[in-house]
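Dumped data.txt below, it's compact mmCIF, C-alpha atoms:
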```
# COMPACT_ATOMS: atom_id res chain seq x y z
CA MET A 1 4.76 -5.87 25.08
CA LYS A 2 4.60 -5.16 21.36
CA PRO A 3 6.46 -7.65 19.10
CA LEU A 4 9.07 -5.12 17.91
CA GLU A 5 9.57 -3.16 21.13
CA ASP A 6 13.23 -2.23 21.76
CA TYR A 7 14.01 -2.32 18.03
CA LEU A 8 15.37 0.95 16.65
CA ILE A 9 14.63 1.90 13.03
CA ILE A 10 16.45 4.83 11.45
CA ASP A 11 14.40 5.85 8.43
CA PHE A 12 15.72 8.16 5.69
CA SER A 13 12.80 7.47 3.36
CA GLN A 14 10.33 10.00 1.96
CA PHE A 15 7.02 10.11 0.11
CA LEU A 16 5.01 6.88 0.43
CA SER A 17 6.80 3.59 -0.21
CA GLY A 18 9.51 3.69 2.47
CA PRO A 19 7.44 5.51 5.10
CA SER A 20 4.64 2.96 4.63
CA ALA A 21 7.12 0.21 5.53
CA SER A 22 8.39 1.99 8.64
CA LEU A 23 4.80 2.80 9.62
CA ARG A 24 3.99 -0.90 9.79
CA LEU A 25 7.12 -1.55 11.88
CA ALA A 26 6.14 1.31 14.19
CA ASP A 27 2.64 -0.15 14.48
CA LEU A 28 4.22 -3.38 15.69
CA GLY A 29 6.15 -1.59 18.40
CA ALA A 30 9.44 -0.51 16.84
CA ARG A 31 10.87 2.92 17.58
CA VAL A 32 11.14 4.79 14.29
CA ILE A 33 13.33 7.89 14.02
CA LYS A 34 12.63 9.72 10.79
CA ILE A 35 15.67 11.53 9.36
CA GLU A 36 14.65 14.77 7.66
CA LYS A 37 16.24 17.73 5.93
CA PRO A 38 16.20 20.88 8.09
CA GLY A 39 13.81 23.54 6.86
CA THR A 40 11.79 21.43 4.42
CA GLY A 41 11.77 17.90 5.81
CA ASP A 42 10.13 15.05 3.95
CA ILE A 43 8.78 16.47 0.69
CA CYS A 44 5.55 14.63 1.48
CA ARG A 45 4.87 17.28 4.15
CA THR A 46 3.86 19.62 1.32
CA LEU A 47 2.75 17.07 -1.27
CA TYR A 48 -0.93 17.89 -1.05
CA ILE A 49 -3.75 15.67 -2.25
CA SER A 50 -7.02 17.48 -2.96
CA ASP A 51 -7.12 20.73 -0.98
CA LEU A 52 -6.85 19.15 2.45
CA ILE A 53 -4.16 20.64 4.67
CA MET A 54 -4.02 19.35 8.24
CA ASN A 55 -2.27 21.50 10.82
CA GLY A 56 -0.27 23.19 8.07
CA GLU A 57 0.90 20.04 6.33
CA SER A 58 -0.27 17.38 3.88
CA SER A 59 -2.85 14.85 4.97
CA VAL A 60 -0.72 12.17 3.29
CA PHE A 61 2.22 12.96 5.56
CA HIS A 62 0.06 12.74 8.68
CA THR A 63 -1.47 9.47 7.52
CA ILE A 64 1.74 7.63 6.83
CA ASN A 65 4.08 9.03 9.50
CA ARG A 66 2.11 8.67 12.70
CA ASN A 67 3.88 7.19 15.73
CA LYS A 68 7.34 8.28 14.52
CA GLU A 69 9.99 10.72 15.76
CA SER A 70 11.56 13.42 13.60
CA PHE A 71 15.28 14.20 13.65
CA ALA A 72 16.22 17.10 11.36
CA ILE A 73 19.88 17.03 10.42
CA ASP A 74 21.93 18.20 7.43
CA PHE A 75 23.99 15.06 7.02
CA LYS A 76 25.74 16.51 3.95
CA GLN A 77 27.81 18.53 6.42
CA PRO A 78 30.78 16.48 7.73
CA GLU A 79 30.22 17.32 11.39
CA GLU A 80 26.53 16.50 11.16
CA LEU A 81 27.27 13.27 9.32
CA ALA A 82 29.59 12.27 12.16
CA LYS A 83 26.73 12.79 14.63
CA LEU A 84 24.39 10.77 12.46
CA LYS A 85 26.83 7.88 12.27
CA LYS A 86 26.79 7.68 16.07
CA LEU A 87 23.04 7.22 15.86
CA LEU A 88 23.30 4.63 13.09
CA ALA A 89 25.72 2.62 15.21
CA LYS A 90 22.83 1.99 17.63
CA ALA A 91 20.25 1.06 14.99
CA ASP A 92 18.75 -2.35 14.35
CA VAL A 93 17.52 -1.23 10.94
CA VAL A 94 18.62 1.56 8.59
CA MET A 95 16.33 2.17 5.65
CA HIS A 96 15.93 4.57 2.72
CA ASN A 97 14.23 4.96 -0.64
CA PHE A 98 16.69 7.24 -2.45
CA ARG A 99 17.67 6.59 -6.05
CA PRO A 100 20.62 4.20 -6.52
CA GLY A 101 23.92 5.89 -5.71
CA VAL A 102 22.60 8.65 -3.42
CA MET A 103 23.50 7.01 -0.10
CA GLU A 104 26.86 5.97 -1.53
CA ARG A 105 27.70 9.58 -2.44
CA ILE A 106 26.74 10.74 1.04
CA GLY A 107 28.97 8.11 2.62
CA LEU A 108 26.16 5.99 4.04
CA SER A 109 26.26 2.95 1.79
CA TYR A 110 25.59 -0.48 3.22
CA GLU A 111 29.32 -1.13 3.42
CA GLU A 112 29.99 2.16 5.25
CA VAL A 113 27.17 1.66 7.74
CA GLN A 114 28.23 -1.94 8.25
CA LYS A 115 31.66 -0.72 9.36
CA ILE A 116 30.12 1.07 12.34
CA ASN A 117 27.27 -1.40 12.86
CA PRO A 118 28.32 -4.89 11.64
CA ASN A 119 24.98 -6.60 12.31
CA VAL A 120 22.76 -3.88 10.89
CA VAL A 121 19.76 -4.66 8.68
CA TYR A 122 20.13 -2.18 5.82
CA ALA A 123 17.00 -1.90 3.73
CA SER A 124 16.19 0.09 0.62
CA ILE A 125 13.45 0.69 -1.93
CA SER A 126 14.34 1.89 -5.41
CA GLY A 127 12.12 2.60 -8.37
CA TYR A 128 13.70 0.16 -10.80
CA GLY A 129 16.64 -1.52 -9.10
CA SER A 130 20.31 -0.68 -9.61
CA LYS A 131 20.76 -2.13 -13.10
CA GLY A 132 19.26 -1.73 -16.52
CA ALA A 133 17.93 1.06 -18.71
CA PHE A 134 15.16 2.02 -16.28
CA LYS A 135 17.33 2.52 -13.17
CA ASP A 136 17.57 6.33 -13.41
CA LYS A 137 13.88 6.95 -14.11
CA PRO A 138 11.80 8.60 -11.38
CA GLY A 139 10.17 6.01 -9.10
CA GLN A 140 6.67 7.48 -9.11
CA ASP A 141 3.58 5.32 -8.75
CA LEU A 142 1.66 6.32 -11.89
CA LEU A 143 4.81 5.91 -13.99
CA LEU A 144 5.38 2.43 -12.56
CA GLN A 145 1.78 1.43 -13.21
CA SER A 146 2.22 2.60 -16.79
CA LEU A 147 5.53 0.84 -17.42
CA THR A 148 4.45 -2.49 -15.90
CA ALA A 149 1.22 -3.02 -17.90
CA LEU A 150 -1.03 -2.60 -14.85
CA THR A 151 -3.08 0.00 -16.68
CA TRP A 152 -4.30 -2.59 -19.21
CA LEU A 153 -6.12 -4.64 -16.55
CA THR A 154 -8.57 -2.05 -15.21
CA GLY A 155 -11.51 -0.51 -17.07
CA ASN A 156 -13.32 -1.84 -20.13
CA GLU A 157 -11.86 -2.89 -23.47
CA GLY A 158 -12.52 0.43 -25.18
CA ASP A 159 -11.30 2.63 -22.36
CA GLY A 160 -7.61 2.64 -23.18
CA PRO A 161 -5.14 2.28 -20.29
CA VAL A 162 -6.70 2.96 -16.88
CA PRO A 163 -4.59 3.43 -13.72
CA MET A 164 -5.73 2.25 -10.32
CA GLY A 165 -7.05 5.01 -8.07
CA LEU A 166 -4.49 4.42 -5.32
CA SER A 167 -0.69 4.56 -5.11
CA ILE A 168 -0.74 0.79 -5.22
CA VAL A 169 2.88 0.23 -6.30
CA ASP A 170 4.17 2.43 -3.46
CA MET A 171 2.12 0.47 -0.94
CA LEU A 172 3.17 -2.91 -2.33
CA ALA A 173 6.85 -2.00 -2.29
CA GLY A 174 6.51 -0.78 1.29
CA ALA A 175 4.81 -4.01 2.33
CA HIS A 176 7.53 -6.07 0.63
CA LEU A 177 10.27 -4.07 2.35
CA ALA A 178 8.63 -4.57 5.74
CA GLN A 179 8.44 -8.33 5.04
CA GLY A 180 12.12 -8.41 4.07
CA ILE A 181 13.13 -6.46 7.16
CA LEU A 182 11.18 -8.77 9.46
CA ALA A 183 12.78 -11.84 7.84
CA ALA A 184 16.25 -10.27 8.24
CA LEU A 185 15.57 -9.38 11.89
CA TYR A 186 14.51 -12.97 12.57
CA ARG A 187 17.74 -14.26 11.03
CA LYS A 188 19.67 -11.69 13.05
CA VAL A 189 18.19 -13.09 16.26
CA ILE A 190 18.98 -16.69 15.23
CA GLN A 191 22.39 -16.26 13.59
CA ASN A 192 23.57 -12.84 14.86
CA ILE A 193 24.23 -11.48 11.38
CA GLY A 194 22.87 -8.47 9.55
CA ALA A 195 21.54 -8.21 6.02
CA LYS A 196 21.08 -5.99 3.00
CA VAL A 197 17.40 -5.99 1.99
CA GLU A 198 16.50 -4.57 -1.42
CA VAL A 199 13.10 -4.00 -3.00
CA SER A 200 12.23 -2.21 -6.21
CA MET A 201 8.85 -0.79 -7.10
CA LEU A 202 9.27 -2.37 -10.53
CA GLU A 203 9.56 -5.88 -9.11
CA SER A 204 6.73 -5.25 -6.65
CA ALA A 205 4.47 -4.30 -9.55
CA PHE A 206 5.47 -7.47 -11.40
CA ASP A 207 4.84 -9.62 -8.33
CA PHE A 208 1.41 -8.03 -7.93
CA GLN A 209 0.55 -9.46 -11.34
CA PHE A 210 1.87 -12.98 -10.74
CA GLU A 211 -1.41 -14.56 -11.85
CA THR A 212 -1.81 -12.57 -15.05
CA ILE A 213 1.88 -12.77 -16.00
CA THR A 214 1.91 -16.53 -15.45
CA THR A 215 -1.20 -16.84 -17.59
CA PHE A 216 0.40 -14.76 -20.35
CA PHE A 217 3.53 -16.93 -20.43
CA ASN A 218 1.53 -20.15 -20.56
CA ASP A 219 -1.24 -19.04 -22.88
CA GLY A 220 0.71 -18.61 -26.09
CA GLY A 221 1.68 -15.03 -25.30
CA GLU A 222 -1.88 -13.78 -25.71
CA LEU A 223 -2.33 -10.31 -24.25
CA PRO A 224 -5.07 -9.95 -21.62
CA VAL A 225 -8.31 -8.62 -23.12
CA ARG A 226 -10.77 -6.76 -20.92
CA THR A 227 -14.48 -7.29 -21.50
CA LYS A 228 -16.34 -4.65 -23.49
CA THR A 229 -18.54 -3.82 -20.49
CA ASN A 230 -18.50 -4.46 -16.74
CA ASN A 231 -14.89 -5.61 -16.70
CA ALA A 232 -13.34 -6.57 -13.36
CA ASN A 233 -10.74 -9.15 -14.39
CA ALA A 234 -9.38 -9.64 -17.89
CA TYR A 235 -8.95 -13.38 -17.36
CA LEU A 236 -12.33 -14.20 -15.82
CA GLY A 237 -15.55 -14.89 -17.68
CA ALA A 238 -19.09 -13.71 -16.97
CA PRO A 239 -20.62 -12.70 -14.67
CA TYR A 240 -17.49 -11.30 -12.98
CA GLY A 241 -17.97 -7.54 -12.76
CA ILE A 242 -19.85 -4.58 -11.33
CA TYR A 243 -23.37 -3.85 -12.59
CA GLN A 244 -25.62 -0.84 -12.32
CA THR A 245 -29.02 -1.32 -10.72
CA LYS A 246 -32.02 0.97 -10.51
CA ASN A 247 -30.61 2.79 -7.48
CA GLY A 248 -26.90 1.89 -7.31
CA TYR A 249 -24.47 -0.89 -8.17
CA ILE A 250 -23.82 -4.50 -7.19
CA SER A 251 -20.84 -6.73 -7.87
CA LEU A 252 -21.03 -10.35 -9.03
CA ALA A 253 -18.10 -12.71 -8.67
CA MET A 254 -17.79 -16.20 -10.18
CA GLY A 255 -21.09 -18.05 -10.61
CA SER A 256 -23.13 -20.39 -12.75
CA ILE A 257 -24.95 -18.61 -15.56
CA PRO A 258 -27.87 -21.09 -15.64
CA VAL A 259 -28.33 -20.69 -11.89
CA LEU A 260 -28.23 -16.90 -12.20
CA ALA A 261 -30.72 -17.00 -15.05
CA GLU A 262 -33.24 -18.86 -12.89
CA LEU A 263 -32.70 -16.79 -9.77
CA LEU A 264 -32.93 -13.49 -11.62
CA SER A 265 -35.84 -14.66 -13.82
CA CYS A 266 -33.85 -13.53 -16.84
CA GLU A 267 -35.23 -15.31 -19.92
CA ALA A 268 -32.55 -13.98 -22.26
CA LEU A 269 -29.85 -15.49 -20.06
CA LYS A 270 -31.35 -18.97 -20.16
CA GLN A 271 -30.02 -19.57 -23.66
CA PHE A 272 -26.50 -20.00 -22.21
CA PRO A 273 -26.13 -23.51 -20.74
CA GLU A 274 -22.63 -22.86 -19.38
CA ASN A 275 -20.04 -20.14 -18.71
CA LYS A 276 -18.23 -20.03 -22.02
CA PHE A 277 -15.37 -17.54 -21.83
CA ILE A 278 -15.79 -16.50 -25.46
CA LEU A 279 -19.41 -15.50 -24.75
CA ARG A 280 -18.64 -13.30 -21.76
CA ASP A 281 -19.34 -10.00 -23.54
CA GLU A 282 -22.76 -11.15 -24.70
CA ILE A 283 -23.65 -12.58 -21.28
CA LYS A 284 -22.54 -9.43 -19.47
CA SER A 285 -24.54 -7.19 -21.79
CA ILE A 286 -27.72 -9.16 -21.07
CA LEU A 287 -27.03 -9.14 -17.33
CA ALA A 288 -26.31 -5.42 -17.33
CA GLU A 289 -29.60 -4.59 -19.02
CA HIS A 290 -31.60 -6.92 -16.76
CA LEU A 291 -30.09 -5.75 -13.45
CA ARG A 292 -30.95 -2.12 -14.15
CA THR A 293 -34.65 -2.97 -13.81
CA GLN A 294 -34.64 -3.35 -10.00
CA ASP A 295 -32.98 -1.82 -6.92
CA SER A 296 -29.75 -3.27 -5.50
CA GLU A 297 -31.55 -4.51 -2.39
CA TYR A 298 -34.08 -6.41 -4.49
CA TRP A 299 -31.33 -8.40 -6.27
CA LEU A 300 -29.23 -8.92 -3.14
CA ASN A 301 -32.24 -10.31 -1.27
CA ILE A 302 -32.52 -12.97 -3.99
CA LEU A 303 -28.84 -13.71 -4.54
CA GLU A 304 -27.39 -13.71 -1.03
CA PRO A 305 -29.77 -16.38 0.43
CA ALA A 306 -28.88 -18.55 -2.59
CA ASP A 307 -25.18 -18.29 -1.67
CA ILE A 308 -24.30 -16.37 -4.83
CA TRP A 309 -21.10 -14.38 -4.42
CA CYS A 310 -22.31 -10.81 -4.63
CA ALA A 311 -22.04 -7.51 -2.77
CA ASN A 312 -23.43 -4.03 -2.61
CA VAL A 313 -21.03 -1.41 -4.01
CA LEU A 314 -20.53 1.17 -1.26
CA ASN A 315 -18.92 4.58 -1.07
CA TYR A 316 -17.13 5.78 2.09
CA GLU A 317 -20.24 7.38 3.58
CA GLN A 318 -22.24 4.17 3.13
CA LEU A 319 -19.37 1.94 4.27
CA PHE A 320 -18.70 3.78 7.51
CA ALA A 321 -22.38 3.52 8.45
CA GLN A 322 -22.24 -0.28 8.23
CA GLU A 323 -22.20 -2.33 11.43
CA GLY A 324 -19.67 -4.62 9.74
CA PHE A 325 -17.24 -1.69 9.62
CA ARG A 326 -17.98 -0.23 13.05
CA VAL A 327 -17.44 -3.54 14.85
CA LEU A 328 -13.81 -3.61 13.64
CA ASP A 329 -12.94 -0.47 15.60
CA PHE A 330 -10.66 0.44 12.71
CA VAL A 331 -10.51 4.20 13.28
CA GLN A 332 -8.20 5.66 15.89
CA GLU A 333 -7.65 9.25 16.99
CA VAL A 334 -4.07 10.42 17.39
CA GLU A 335 -2.58 13.60 18.81
CA MET A 336 0.42 15.73 17.84
CA THR A 337 2.67 17.43 20.40
CA ASP A 338 0.91 20.77 19.84
CA GLY A 339 -2.47 19.22 20.70
CA TYR A 340 -3.75 18.85 17.14
CA ARG A 341 -5.83 15.67 16.88
CA TYR A 342 -7.00 13.75 13.84
CA LYS A 343 -8.70 10.50 12.96
CA THR A 344 -6.95 7.87 10.89
CA THR A 345 -6.84 4.11 10.39
CA ARG A 346 -5.07 1.64 12.67
CA CYS A 347 -2.76 -1.28 11.97
CA PRO A 348 -4.76 -4.13 10.38
CA ILE A 349 -2.74 -6.84 12.15
CA ARG A 350 -3.90 -8.58 15.34
CA ILE A 351 -1.64 -10.83 17.42
CA ASP A 352 -3.21 -12.89 20.19
CA GLY A 353 -6.33 -10.81 19.67
CA GLU A 354 -4.55 -7.54 20.44
CA LEU A 355 -5.20 -4.41 18.39
CA PHE A 356 -2.10 -2.32 17.72
CA THR A 357 -3.11 1.28 18.30
CA PHE A 358 -1.09 4.28 19.45
CA GLY A 359 -2.21 7.76 20.41
CA LYS A 360 0.91 9.37 18.97
CA ALA A 361 0.41 11.28 15.73
CA SER A 362 2.92 12.43 13.10
CA PRO A 363 5.89 14.51 14.26
CA LYS A 364 6.59 18.16 13.69
CA LEU A 365 9.80 18.65 11.74
CA GLY A 366 12.75 18.18 14.09
CA GLN A 367 10.56 17.96 17.18
CA ASP A 368 12.67 15.18 18.71
CA ASN A 369 16.15 16.62 18.00
CA GLU A 370 16.94 17.64 21.57
CA LYS A 371 15.80 14.34 23.05
CA ILE A 372 17.68 12.23 20.48
CA ILE A 373 20.90 14.24 20.74
CA LYS A 374 20.90 13.90 24.52
CA GLU A 375 19.84 10.24 24.62
CA PHE A 376 22.44 9.04 22.08
CA ASN A 377 25.15 11.52 23.12
CA LEU A 378 25.43 13.03 19.65
CA CYS A 379 27.01 16.31 20.78
```
Turn the structure described in the file into structure tokens.
Amino acid sequence: MKPLEDYLIIDFSQFLSGPSASLRLADLGARVIKIEKPGTGDICRTLYISDLIMNGESSVFHTINRNKESFAIDFKQPEELAKLKKLLAKADVVMHNFRPGVMERIGLSYEEVQKINPNVVYASISGYGSKGAFKDKPGQDLLLQSLTALTWLTGNEGDGPVPMGLSIVDMLAGAHLAQGILAALYRKVIQNIGAKVEVSMLESAFDFQFETITTFFNDGGELPVRTKTNNANAYLGAPYGIYQTKNGYISLAMGSIPVLAELLSCEALKQFPENKFILRDEIKSILAEHLRTQDSEYWLNILEPADIWCANVLNYEQLFAQEGFRVLDFVQEVEMTDGYRYKTTRCPIRIDGELFTFGKASPKLGQDNEKIIKEFNLC
């Protein structure tokens, strides 16, 4: 039995942040019914990345909405809203990621849902919370990275602001919402009361930077400064970074410069008796020039036996060929109701050694309407 079996999640969310939260709950066994607009559904169905279209819809949608049901209903219509409220009365969790005020205007605020389901866990993700000058701005990942100073931590000093290459704020907010929901469900079991769980992408982005923000507040308000070359962390000294070799790249984490100098037979590096933070640019420049003289494997064969924290820098093709990846059995194949199959990742969580995999892929828009209407007597 999966940990969240018999829990019913009604999910109004779209795009990435909310659906990533309900995906994790579905992975753990919860039944997730995705509420969608008839005709168009979740906008993420047509929000294409690259040119990849899978079975007529966006690869992003398929990735983040597997193992869910789709219920297409125009809940702006009074009679349809009445049907939907019958469904919400049976839910353990109701969640959304609309802008502040949207659910209230529809008539599905926490207070309204609580009237028909007193012990409900009502969870929401917003871009910027419900207060302040930012609250009406669009909650989009790149915009949040830009507004929260994340872009000044990646890249080198002269690069200007550099965003991360993933929708990291969306994923963090989704993870935080899932954590909040699980905590609220635990309290519901113990105390038989519901909860209102709120997460904002803004606060998730701040929390992501807890180390750097804490350092800023306790370091005289000095802004983080990236190294001129090979930057990987604005607050860490040399050798921390990624370095080009003769045939690729390797990464070096924290380590003793004198030890590295001896192991790498780098005479120019031997002038530095210790890791002085203020000398990190000079040290990294010497390292970068020296490491380009040999292949990655040559350096790794020296560094790894000496217990130096280092790694080869792999792309997807190289990674998926590694035994260390294959042994995880991290890829699963799932199937849609029309027979379309695709490969995707599985849940990263194990409990009692069990892998949480499901063969059910993402739903076609409204594919579960008839079943849900009959099961919950929504006629």
Could I get the residues of range 106-185 of chain A with an atom no further than 12 Å from an atom of range 52-70 of chain A, each paired with its nearest atom pair and that distance in Å to one decimal, using all atoms listed in the file, sorted by chain and residue number, as a tab-separated table?
```
residue	atom	partner	partner_atom	distance
A:Ser167	CA	A:Val60	CA	11.3
A:Asp170	CA	A:Ile64	CA	11.8
A:Met171	CA	A:Ile64	CA	10.6
A:Gly174	CA	A:Ile64	CA	11.1
```
If we count all atoms listed in the file and set the cut-off at 12 Å, which residues sit around Leu108 in chain A, ignoring sequence neighbours fewer than 6 positions away in its own chain? Please answer as a list in words. Phe12, Phe75, Lys76, Leu81, Ala82, Leu84, Lys85, Leu88, Ala89, Val94, Met95, His96, Phe98, Gly101, Val102, Gln114, Lys115, Ile116, Asn117 and Tyr122 of chain A
Show which residues sit within 10 Å of Val259 in chain A, as a list in words. Count only C-alpha atoms, and ignore same-chain residues fewer than 3 positions away.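 The filter keeps Gly255, Ser256, Glu262, Leu263, Leu264, Ser265, Leu269, Lys270, Pro273, Glu274, Ala306 and Ile308 of chain A.
Within the 12 Å cut-off around Lys83 in chain A, using only C-alpha atoms and omitting residues fewer than 6 positions from it on the same chain, the listed residues are Phe71, Ala72, Ile73, Asp74, Phe75, Lys76, Gln77, Ala89, Lys90, Asn369, Ile372, Ile373, Lys374, Phe376, Asn377, Leu378 and Cys379 of chain A.
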Interatomic distance (Å, one decimal) between CA of Gly139 in chain A and CA of Pro100 in chain A: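 CA of Pro100 in chain A lies 10.9 Å from CA of Gly139 in chain A.
CA of Asp92 in chain A is found 8.8 Å from CA of Gly194 in chain A.
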Just want the 12 Å neighbourhood of Leu144 in chain A, counted on all atoms listed in the file, with same-chain residues fewer than 3 positions away dropped. Output as a ChimeraX atom specification. /A:126-128,134-135,137-141,147-151,163-164,167-170,172-173,200-206
Restricting the calculation to only C-alpha atoms: of A:Glu112, A:Gly155, A:Asp27, A:Leu182, which residue gets closest to Lys360 in chain A? A:Asp27
Within 12 Å of Tyr243 in chain A, counting only C-alpha atoms, which residues qualify if same-chain residues fewer than 2 places away don't, as a PyMOL selection string? chain A and resi 229-232+238-241+245-253+284-296+299+310-313
8 Å per side around range 13-27 of chain A: axis-aligned box centre and edge lengths, as lines of an AutoDock Vina configuration file:
```
center_x = 7.7
center_y = 4.3
center_z = 7.1
size_x = 26.2
size_y = 27.7
size_z = 30.7
```
Report the distance between CA of Ser130 in chain A and CA of Arg105 in chain A in Å, rounded to one decimal place.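 Computed distance, CA of Ser130 in chain A to CA of Arg105 in chain A, equals 14.5 Å.
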Taking all atoms listed in the file into account, which of A:Val225, A:Leu177, A:Ile190, A:Leu142 comes nearest Gly158 in chain A?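 So, comparing all the options, the nearest one is A:Val225.
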Which is closest to Gln367 in chain A among A:Gly107, A:Pro3, A:Pro38, A:Gly29, if we use all atoms listed in the file?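 Comparing A:Gly107, A:Pro3, A:Pro38, A:Gly29 against Gln367 in chain A, the winner is A:Pro38.
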Around the point (-11.5, 6.5, 20.0) (coordinates from the file), which residues reach within 12 Å if we count all atoms listed in the file? Answer as a ChimeraX atom specification. /A:326,329-335,341-346,357-359
